[in-house]
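Visitor: Just so it is clear, I am handing over structure.tsv, which has TSV, C-alpha atoms.
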chain	number	residue	atom	x	y	z
A	1	MET	CA	79.52	80.12	108.49
A	2	GLU	CA	81.58	78.17	105.97
A	3	THR	CA	81.03	80.84	103.31
A	4	ALA	CA	82.01	83.53	105.82
A	5	THR	CA	85.22	81.66	106.65
A	6	VAL	CA	86.14	81.30	102.98
A	7	LEU	CA	85.44	84.97	102.35
A	8	LEU	CA	87.53	86.00	105.36
A	9	ALA	CA	90.44	83.89	104.08
A	10	LEU	CA	90.00	85.51	100.65
A	11	VAL	CA	90.06	89.00	102.20
A	12	VAL	CA	93.24	88.23	104.15
A	13	LEU	CA	94.97	86.90	101.02
A	14	LEU	CA	93.78	89.86	98.95
A	15	GLY	CA	94.87	92.26	101.68
A	16	ILE	CA	98.35	90.77	101.79
A	17	ALA	CA	98.48	90.88	97.98
A	18	PHE	CA	97.38	94.53	97.95
A	19	GLU	CA	99.96	95.46	100.57
A	20	PHE	CA	102.66	93.74	98.51
A	21	VAL	CA	101.53	95.57	95.35
A	22	ASN	CA	101.37	98.79	97.39
A	23	GLY	CA	104.98	98.17	98.44
A	24	PHE	CA	106.43	97.88	94.96
A	25	HIS	CA	104.02	100.42	93.45
A	26	ASP	CA	104.88	103.02	96.08
A	27	ALA	CA	108.56	102.09	96.49
A	28	ALA	CA	109.29	105.28	94.60
A	29	ASN	CA	107.84	107.32	97.45
A	30	ALA	CA	110.61	106.23	99.77
A	31	ILE	CA	113.62	105.87	97.49
A	32	ALA	CA	113.17	107.74	94.21
A	33	THR	CA	115.11	110.82	95.29
A	34	VAL	CA	117.95	108.98	97.00
A	35	VAL	CA	118.42	106.80	93.89
A	36	ALA	CA	118.17	109.79	91.53
A	37	THR	CA	120.87	111.69	93.44
A	38	ARG	CA	123.06	108.53	93.49
A	39	VAL	CA	123.52	108.75	97.26
A	40	LEU	CA	122.54	105.08	97.48
A	41	THR	CA	122.60	102.35	94.86
A	42	PRO	CA	119.19	100.97	93.89
A	43	ALA	CA	119.87	97.73	95.79
A	44	GLN	CA	120.91	99.58	98.96
A	45	ALA	CA	117.92	101.92	98.74
A	46	ILE	CA	115.40	99.11	98.26
A	47	LEU	CA	116.79	97.08	101.17
A	48	MET	CA	116.72	100.10	103.46
A	49	ALA	CA	113.20	101.10	102.41
A	50	GLY	CA	111.87	97.57	102.78
A	51	VAL	CA	113.07	97.28	106.37
A	52	LEU	CA	111.85	100.74	107.41
A	53	ASN	CA	108.49	100.31	105.68
A	54	LEU	CA	108.02	97.26	107.90
A	55	VAL	CA	109.08	99.12	111.05
A	56	GLY	CA	106.89	102.11	110.20
A	57	ALA	CA	103.85	99.90	109.60
A	58	LEU	CA	104.18	98.52	113.13
A	59	SER	CA	104.50	101.97	114.73
A	60	GLY	CA	100.81	102.69	115.36
A	61	GLU	CA	97.20	102.07	114.39
A	62	ALA	CA	95.46	105.47	114.24
A	63	VAL	CA	95.22	105.42	110.43
A	64	ALA	CA	94.12	101.76	110.48
A	65	THR	CA	91.27	102.64	112.83
A	66	THR	CA	90.14	105.52	110.61
A	67	VAL	CA	90.10	103.31	107.51
A	68	GLY	CA	88.48	100.39	109.35
A	69	LYS	CA	85.56	102.18	110.99
A	70	GLY	CA	85.78	105.88	110.20
A	71	ILE	CA	84.90	105.96	106.49
A	72	VAL	CA	82.08	103.43	106.14
A	73	ASP	CA	79.78	102.05	108.83
A	74	SER	CA	81.60	98.99	110.15
A	75	THR	CA	78.41	97.53	111.65
A	76	VAL	CA	76.91	96.69	108.24
A	77	ILE	CA	80.02	95.75	106.24
A	78	THR	CA	80.44	92.14	105.14
A	79	GLN	CA	83.51	90.28	103.88
A	80	ASP	CA	82.36	90.30	100.25
A	81	ILE	CA	82.32	94.11	100.29
A	82	VAL	CA	85.87	94.21	101.65
A	83	ALA	CA	87.02	91.60	99.10
A	84	ALA	CA	85.48	93.61	96.25
A	85	ALA	CA	87.22	96.77	97.45
A	86	LEU	CA	90.61	95.05	97.58
A	87	ILE	CA	90.15	93.55	94.12
A	88	GLY	CA	89.26	96.97	92.70
A	89	ALA	CA	92.27	98.63	94.35
A	90	ILE	CA	94.68	95.92	93.17
A	91	ILE	CA	93.42	96.23	89.58
A	92	TRP	CA	93.90	100.01	89.69
A	93	ASP	CA	97.41	99.73	91.14
A	94	LEU	CA	98.46	97.25	88.46
A	95	ILE	CA	97.03	99.40	85.66
A	96	THR	CA	98.84	102.52	86.86
A	97	PHE	CA	102.02	100.55	87.54
A	98	VAL	CA	102.12	99.37	83.92
A	99	ALA	CA	101.49	102.97	82.82
A	100	ALA	CA	104.36	104.12	85.13
A	101	LEU	CA	102.06	106.58	86.90
A	102	PRO	CA	102.72	107.22	90.61
A	103	THR	CA	99.08	107.30	91.71
A	104	SER	CA	97.83	106.90	95.25
A	105	SER	CA	97.38	103.34	96.51
A	106	SER	CA	95.78	104.88	99.58
A	107	HIS	CA	92.99	106.58	97.72
A	108	ALA	CA	92.63	103.58	95.42
A	109	LEU	CA	91.81	101.46	98.47
A	110	ILE	CA	89.63	104.02	100.24
A	111	PHE	CA	87.44	104.85	97.25
A	112	SER	CA	87.17	101.18	96.28
A	113	VAL	CA	85.83	100.55	99.80
A	114	ILE	CA	83.34	103.41	99.39
A	115	GLY	CA	82.21	102.17	95.96
A	116	ALA	CA	81.78	98.57	97.14
A	117	ALA	CA	79.86	99.64	100.26
A	118	LEU	CA	77.55	101.97	98.33
A	119	SER	CA	76.67	99.23	95.84
A	120	VAL	CA	75.10	97.21	98.66
A	121	HIS	CA	73.94	99.72	101.30
A	122	GLY	CA	73.58	103.05	99.52
A	123	THR	CA	74.81	106.41	100.74
A	124	GLU	CA	73.72	105.85	104.35
A	125	VAL	CA	76.77	103.62	104.87
A	126	ILE	CA	79.17	106.58	104.58
A	127	VAL	CA	80.61	108.06	107.79
A	128	ILE	CA	80.62	111.75	106.88
A	129	GLY	CA	83.23	112.82	109.44
A	130	GLY	CA	85.74	110.22	108.29
A	131	LEU	CA	85.14	111.02	104.63
A	132	GLN	CA	85.71	114.71	105.36
A	133	LYS	CA	88.98	113.88	107.14
A	134	THR	CA	90.13	111.79	104.16
A	135	THR	CA	89.09	114.47	101.67
A	136	LEU	CA	91.03	117.02	103.68
A	137	GLY	CA	94.08	114.81	103.35
A	138	ILE	CA	93.61	114.57	99.59
A	139	VAL	CA	93.52	118.34	99.26
A	140	TYR	CA	96.18	119.41	101.73
A	141	SER	CA	98.92	116.78	101.43
A	142	PRO	CA	100.35	117.75	98.01
A	143	ALA	CA	99.83	121.49	98.54
A	144	LEU	CA	101.28	121.51	102.04
A	145	SER	CA	104.24	119.35	100.97
A	146	PHE	CA	104.92	121.74	98.08
A	147	ILE	CA	104.87	124.79	100.37
A	148	VAL	CA	106.94	123.18	103.14
A	149	ALA	CA	109.57	121.87	100.68
A	150	TYR	CA	109.72	125.20	98.83
A	151	LEU	CA	110.29	127.19	102.04
A	152	PHE	CA	112.67	124.59	103.51
A	153	MET	CA	114.75	124.60	100.33
A	154	LEU	CA	114.91	128.40	100.30
A	155	GLY	CA	116.00	128.34	103.94
A	156	ILE	CA	118.79	125.87	103.20
A	157	TYR	CA	119.97	127.97	100.25
A	158	TRP	CA	120.09	131.06	102.47
A	159	LEU	CA	121.95	129.31	105.31
A	160	LEU	CA	124.52	127.84	102.93
A	161	ARG	CA	124.86	130.83	100.61
A	162	ASN	CA	128.58	131.23	101.44
A	163	VAL	CA	129.45	127.52	101.58
A	164	SER	CA	131.24	125.74	98.74
A	165	TYR	CA	129.25	123.48	96.42
A	166	ARG	CA	131.60	120.54	97.08
A	167	PHE	CA	131.08	120.80	100.85
A	168	VAL	CA	127.30	121.00	100.45
A	169	ASN	CA	127.28	117.93	98.21
A	170	ARG	CA	129.40	115.94	100.65
A	171	VAL	CA	127.37	116.86	103.74
A	172	PHE	CA	123.96	116.35	102.18
A	173	GLY	CA	125.08	113.17	100.47
A	174	ARG	CA	125.28	111.73	103.99
A	175	ALA	CA	122.29	113.61	105.37
A	176	GLN	CA	120.08	112.29	102.58
A	177	ILE	CA	120.56	108.75	103.84
A	178	LEU	CA	118.85	109.84	107.07
A	179	SER	CA	116.09	111.71	105.24
A	180	SER	CA	115.37	108.72	102.99
A	181	MET	CA	115.15	106.51	106.09
A	182	TYR	CA	112.71	109.00	107.61
A	183	MET	CA	110.67	108.95	104.40
A	184	ALA	CA	110.58	105.14	104.28
A	185	PHE	CA	109.49	104.94	107.93
A	186	SER	CA	106.71	107.50	107.49
A	187	HIS	CA	105.55	105.80	104.27
A	188	GLY	CA	105.22	102.47	106.06
A	189	GLY	CA	103.44	104.14	108.96
A	190	ASN	CA	100.67	105.67	106.85
A	191	ASP	CA	100.35	103.29	103.90
A	192	GLY	CA	100.98	100.10	105.87
A	193	GLN	CA	98.13	100.85	108.25
A	194	LYS	CA	95.44	101.28	105.61
A	195	THR	CA	95.27	97.61	104.70
A	196	MET	CA	95.40	96.71	108.39
A	197	GLY	CA	92.16	98.65	108.81
A	198	VAL	CA	90.49	96.92	105.87
A	199	ILE	CA	91.42	93.41	107.05
A	200	ALA	CA	90.34	94.30	110.59
A	201	LEU	CA	87.01	95.42	109.11
A	202	ALA	CA	86.56	91.97	107.53
A	203	VAL	CA	87.47	90.25	110.82
A	204	TYR	CA	84.92	92.45	112.61
A	205	ALA	CA	82.26	91.44	110.07
A	206	PHE	CA	83.19	87.78	110.51
A	207	HIS	CA	82.39	88.06	114.21
A	208	GLY	CA	78.96	89.49	113.47
A	209	ASN	CA	79.82	93.20	113.54
A	210	THR	CA	79.62	93.19	117.33
A	211	GLY	CA	82.04	93.84	120.17
A	212	GLU	CA	85.07	96.10	120.08
A	213	PHE	CA	86.66	97.03	116.75
A	214	ARG	CA	90.38	96.35	117.07
A	215	ILE	CA	93.50	95.75	115.02
A	216	ASP	CA	94.86	92.32	115.97
A	217	THR	CA	98.62	91.83	116.23
A	218	TRP	CA	98.66	89.19	113.49
A	219	VAL	CA	97.01	91.69	111.12
A	220	LYS	CA	99.69	94.29	111.87
A	221	VAL	CA	102.53	91.82	111.35
A	222	ALA	CA	101.10	90.35	108.13
A	223	CYS	CA	100.59	93.78	106.56
A	224	ALA	CA	103.95	95.13	107.73
A	225	VAL	CA	105.85	92.16	106.32
A	226	SER	CA	103.91	92.34	103.04
A	227	ILE	CA	104.60	96.04	102.41
A	228	GLY	CA	108.25	95.52	103.35
A	229	LEU	CA	108.65	92.62	100.91
A	230	GLY	CA	106.77	94.53	98.22
A	231	THR	CA	109.07	97.52	98.59
A	232	ALA	CA	112.06	95.19	98.45
A	233	THR	CA	111.04	94.15	94.93
A	234	GLY	CA	111.38	97.73	93.72
A	235	GLY	CA	109.23	99.59	91.24
A	236	TRP	CA	111.65	100.87	88.67
A	237	ARG	CA	109.21	102.40	86.19
A	238	ILE	CA	107.68	104.69	88.83
A	239	ILE	CA	111.03	105.35	90.50
A	240	ARG	CA	112.28	106.68	87.17
A	241	THR	CA	109.24	108.97	86.80
A	242	MET	CA	109.40	110.29	90.37
A	243	GLY	CA	113.11	110.70	90.82
A	244	MET	CA	114.47	111.42	87.38
A	245	ARG	CA	111.80	112.91	85.13
A	246	ILE	CA	110.04	115.58	87.23
A	247	THR	CA	113.10	117.73	87.93
A	248	ALA	CA	116.88	117.38	88.28
A	249	LEU	CA	117.85	116.61	91.87
A	250	LYS	CA	121.05	117.02	93.87
A	251	PRO	CA	121.56	115.51	97.36
A	252	VAL	CA	120.56	118.78	99.05
A	253	ASN	CA	117.33	118.84	97.00
A	254	GLY	CA	116.59	115.21	97.79
A	255	PHE	CA	117.16	115.86	101.50
A	256	ALA	CA	114.76	118.81	101.49
A	257	ALA	CA	112.06	116.95	99.53
A	258	GLU	CA	112.23	113.79	101.65
A	259	THR	CA	112.34	115.60	104.99
A	260	SER	CA	109.43	117.86	104.06
A	261	ALA	CA	107.23	115.07	102.71
A	262	ALA	CA	108.04	112.69	105.57
A	263	THR	CA	107.15	115.34	108.16
A	264	VAL	CA	103.78	116.02	106.52
A	265	ILE	CA	103.08	112.27	106.36
A	266	GLU	CA	104.18	111.65	109.94
A	267	ILE	CA	101.92	114.39	111.34
A	268	ALA	CA	98.96	113.00	109.36
A	269	THR	CA	99.69	109.47	110.58
A	270	ARG	CA	99.68	110.48	114.24
A	271	LEU	CA	96.39	112.34	113.67
A	272	GLY	CA	94.87	109.25	112.04
A	273	ILE	CA	94.50	110.90	108.62
A	274	PRO	CA	95.02	108.49	105.69
A	275	ILE	CA	96.85	110.67	103.17
A	276	SER	CA	98.64	109.77	99.98
A	277	THR	CA	102.38	109.37	100.39
A	278	THR	CA	102.62	109.66	96.61
A	279	HIS	CA	100.92	113.06	96.72
A	280	ALA	CA	103.20	114.20	99.53
A	281	ILE	CA	106.55	113.32	97.94
A	282	SER	CA	105.42	114.47	94.49
A	283	GLY	CA	104.40	117.85	95.89
A	284	ALA	CA	107.69	118.12	97.77
A	285	ILE	CA	109.77	117.33	94.68
A	286	LEU	CA	107.85	119.96	92.73
A	287	GLY	CA	108.34	122.48	95.54
A	288	VAL	CA	112.09	121.87	95.66
A	289	GLY	CA	112.38	122.14	91.88
A	290	ALA	CA	110.40	125.38	91.79
A	291	THR	CA	112.95	127.14	94.05
A	292	ARG	CA	115.45	127.26	91.18
A	293	ARG	CA	113.01	128.45	88.57
A	294	LEU	CA	109.62	127.30	87.36
A	295	SER	CA	111.13	126.00	84.14
A	296	ALA	CA	113.31	123.60	86.17
A	297	VAL	CA	110.22	121.45	86.69
A	298	ARG	CA	108.97	119.33	83.82
A	299	TRP	CA	105.36	120.41	84.19
A	300	GLY	CA	104.21	118.04	81.45
A	301	ILE	CA	105.22	115.06	83.57
A	302	ALA	CA	103.72	116.72	86.63
A	303	SER	CA	100.41	117.25	84.83
A	304	ARG	CA	100.26	113.55	83.93
A	305	ILE	CA	100.70	112.69	87.59
A	306	VAL	CA	97.97	115.13	88.63
A	307	THR	CA	95.64	113.67	85.98
A	308	ALA	CA	96.24	110.20	87.37
A	309	TRP	CA	95.48	111.45	90.89
A	310	VAL	CA	92.16	112.90	89.72
A	311	LEU	CA	91.19	109.74	87.84
A	312	THR	CA	91.92	107.52	90.87
A	313	ILE	CA	88.83	108.64	92.79
A	314	PRO	CA	86.10	107.89	90.20
A	315	GLY	CA	88.09	105.00	88.71
A	316	CYS	CA	88.40	103.11	91.99
A	317	PHE	CA	84.89	103.98	93.08
A	318	VAL	CA	83.56	102.36	89.89
A	319	LEU	CA	85.88	99.33	90.21
A	320	GLY	CA	84.76	98.73	93.80
A	321	TYR	CA	81.09	99.27	92.96
A	322	VAL	CA	81.11	96.98	89.91
A	323	THR	CA	83.15	94.24	91.59
A	324	ALA	CA	80.83	94.15	94.61
A	325	THR	CA	77.77	94.09	92.34
A	326	VAL	CA	79.17	91.20	90.28
A	327	MET	CA	80.07	89.24	93.42
A	328	ARG	CA	76.54	89.70	94.79
A	329	THR	CA	75.03	88.70	91.44
A	330	LEU	CA	77.13	85.52	91.45
A	331	GLY	CA	76.06	84.76	95.01
A	332	VAL	CA	79.49	85.40	96.55
A	333	HIS	CA	78.38	86.82	99.88
A	334	PRO	CA	77.75	85.56	103.44
Mind turning this structure into structure tokens?

Guide:
Amino acid sequence: METATVLLALVVLLGIAFEFVNGFHDAANAIATVVATRVLTPAQAILMAGVLNLVGALSGEAVATTVGKGIVDSTVITQDIVAAALIGAIIWDLITFVAALPTSSSHALIFSVIGAALSVHGTEVIVIGGLQKTTLGIVYSPALSFIVAYLFMLGIYWLLRNVSYRFVNRVFGRAQILSSMYMAFSHGGNDGQKTMGVIALAVYAFHGNTGEFRIDTWVKVACAVSIGLGTATGGWRIIRTMGMRITALKPVNGFAAETSAATVIEIATRLGIPISTTHAISGAILGVGATRRLSAVRWGIASRIVTAWVLTIPGCFVLGYVTATVMRTLGVHP
């Protein structure tokens, strides 16, 4: 029981650390466009995003439930498996942060969990329906965000075809504050809940994998505060890549990208689908840029981002698998 208590404490600390890293790693998701268009100063944008990430993380638990019991069999998971998954995801986030690559913290965590669970229990531990739901999110979120942003931007251009550029800039300079708030809220709602699910999984294991699986209030608050504080520290390297290097953005473009991505994320959150907010906003920025002309998008930067997305799945699977194996070898398990 003493080992189980220590492991649970380790999981909670690692979960809070991951959520903090997630906050500054994925800060770009919420504020890159509003900083790039100079609608808000970096300090204003970070403060706003930090608060709304916190609020969004407290807005529901559908995604947390999917991550906690819908991807791997919660009845056989132990705290060491959860700890290994969090360690693997944190390592991946830090590596990609140093490389200034806006990869998915969501998929880093999910595939670290899968890798760690498989190392102990084999393929039978996988919940096929939940994995299919997550895979669907991986595939559709960037593509759908691209299409929605592309069509939304074209619609705005058509509606404002006879309006002066100065008026458009002034109106959307204000409107983008609202869209960036929407993006920050939706980011917190989807990303903030993933770690809640993982910590709840460890708590469930601590109690013998019996009874009702639930997300305790203290878990929600701890994760929400952590992602909010993490976002408040910024993430300037990734913000620069997301907001300034993919394509040139004006306030109207930032508004269209943020509104489109946030809507895709919000729908997924309410359906309990853990998607990548990074994928969503990246796809939306590319969609907005492509409305001017394909050459307006720096496809070289975009290809680096896509490469990082692809590498996240096997990379985090291996990190989770190896970390769990090493912990078991060293006797770090209940």

Visitor: Just to confirm, what's the straight-line distance from CA of Thr37 (chain A) to CA of Ile177 (chain A) in Å (one decimal)?

Guide: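 Taking CA of Thr37 (chain A) as the start and CA of Ile177 (chain A) as the end point, the length is 10.8 Å.
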
Visitor: Given all atoms listed in the file as the basis, pick out the residue of A:Ser303, A:Val332, A:Gly189, A:Thr325 nearest to Glu61 (chain A).

Guide: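 Checking each candidate against Glu61 (chain A), we get A:Gly189 as the closest.
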
Visitor: When you look at region 141-146 of chain A with a cut-off of 9 Å (counting only C-alpha atoms), what residues show up, excluding the ones that are within fewer than 3 positions of it in the same chain? I need them as a list in words.

Guide: Leu136, Gly137, Ile138, Ala149, Tyr150, Leu151, Ala257, Ser260, Ala261, Ala262, Thr263, Val264, Ile265, Ala268, Ile275, Ser276, Thr277, Thr278, His279, Ala280, Ile281, Ser282, Gly283, Ala284, Ile285, Leu286, Gly287 and Val288 of chain A

Visitor: May I ask which of the residues A:Leu58, A:Ala175, A:Val310, A:Leu94 is the closest one to Ala17 (chain A), counting all atoms listed in the file?

Guide: A:Leu94

Visitor: Using Å and a single decimal, report how far CA of His333 (chain A) sits from CA of Thr3 (chain A).

Guide: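 Going from CA of Thr3 (chain A) over to CA of His333 (chain A) covers 7.4 Å.
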
Visitor: List as a PyMOL selection string the protein and nucleic acid residues near Cys316 (chain A), meaning an atom at most 10 Å away when only C-alpha atoms are counted, but skip any in the same chain fewer than 2 places from it.

Guide: chain A and resi 85+87-93+107-116+311-314+318-322

Visitor: So, with only C-alpha atoms as the atoms that count, which of A:Gly23, A:Gly331, A:Gly68, A:Gly60 lies closest to Lys194 (chain A)?

Guide: A:Gly68

Visitor: Mind checking which residues fall within 8 Å of Ile215 (chain A), counting all atoms listed in the file, ignoring those fewer than 2 positions away in the same chain, and posting them as a VMD selection string?

Guide: chain A and resid 61 64 to 65 196 to 197 200 213 217 219 to 220
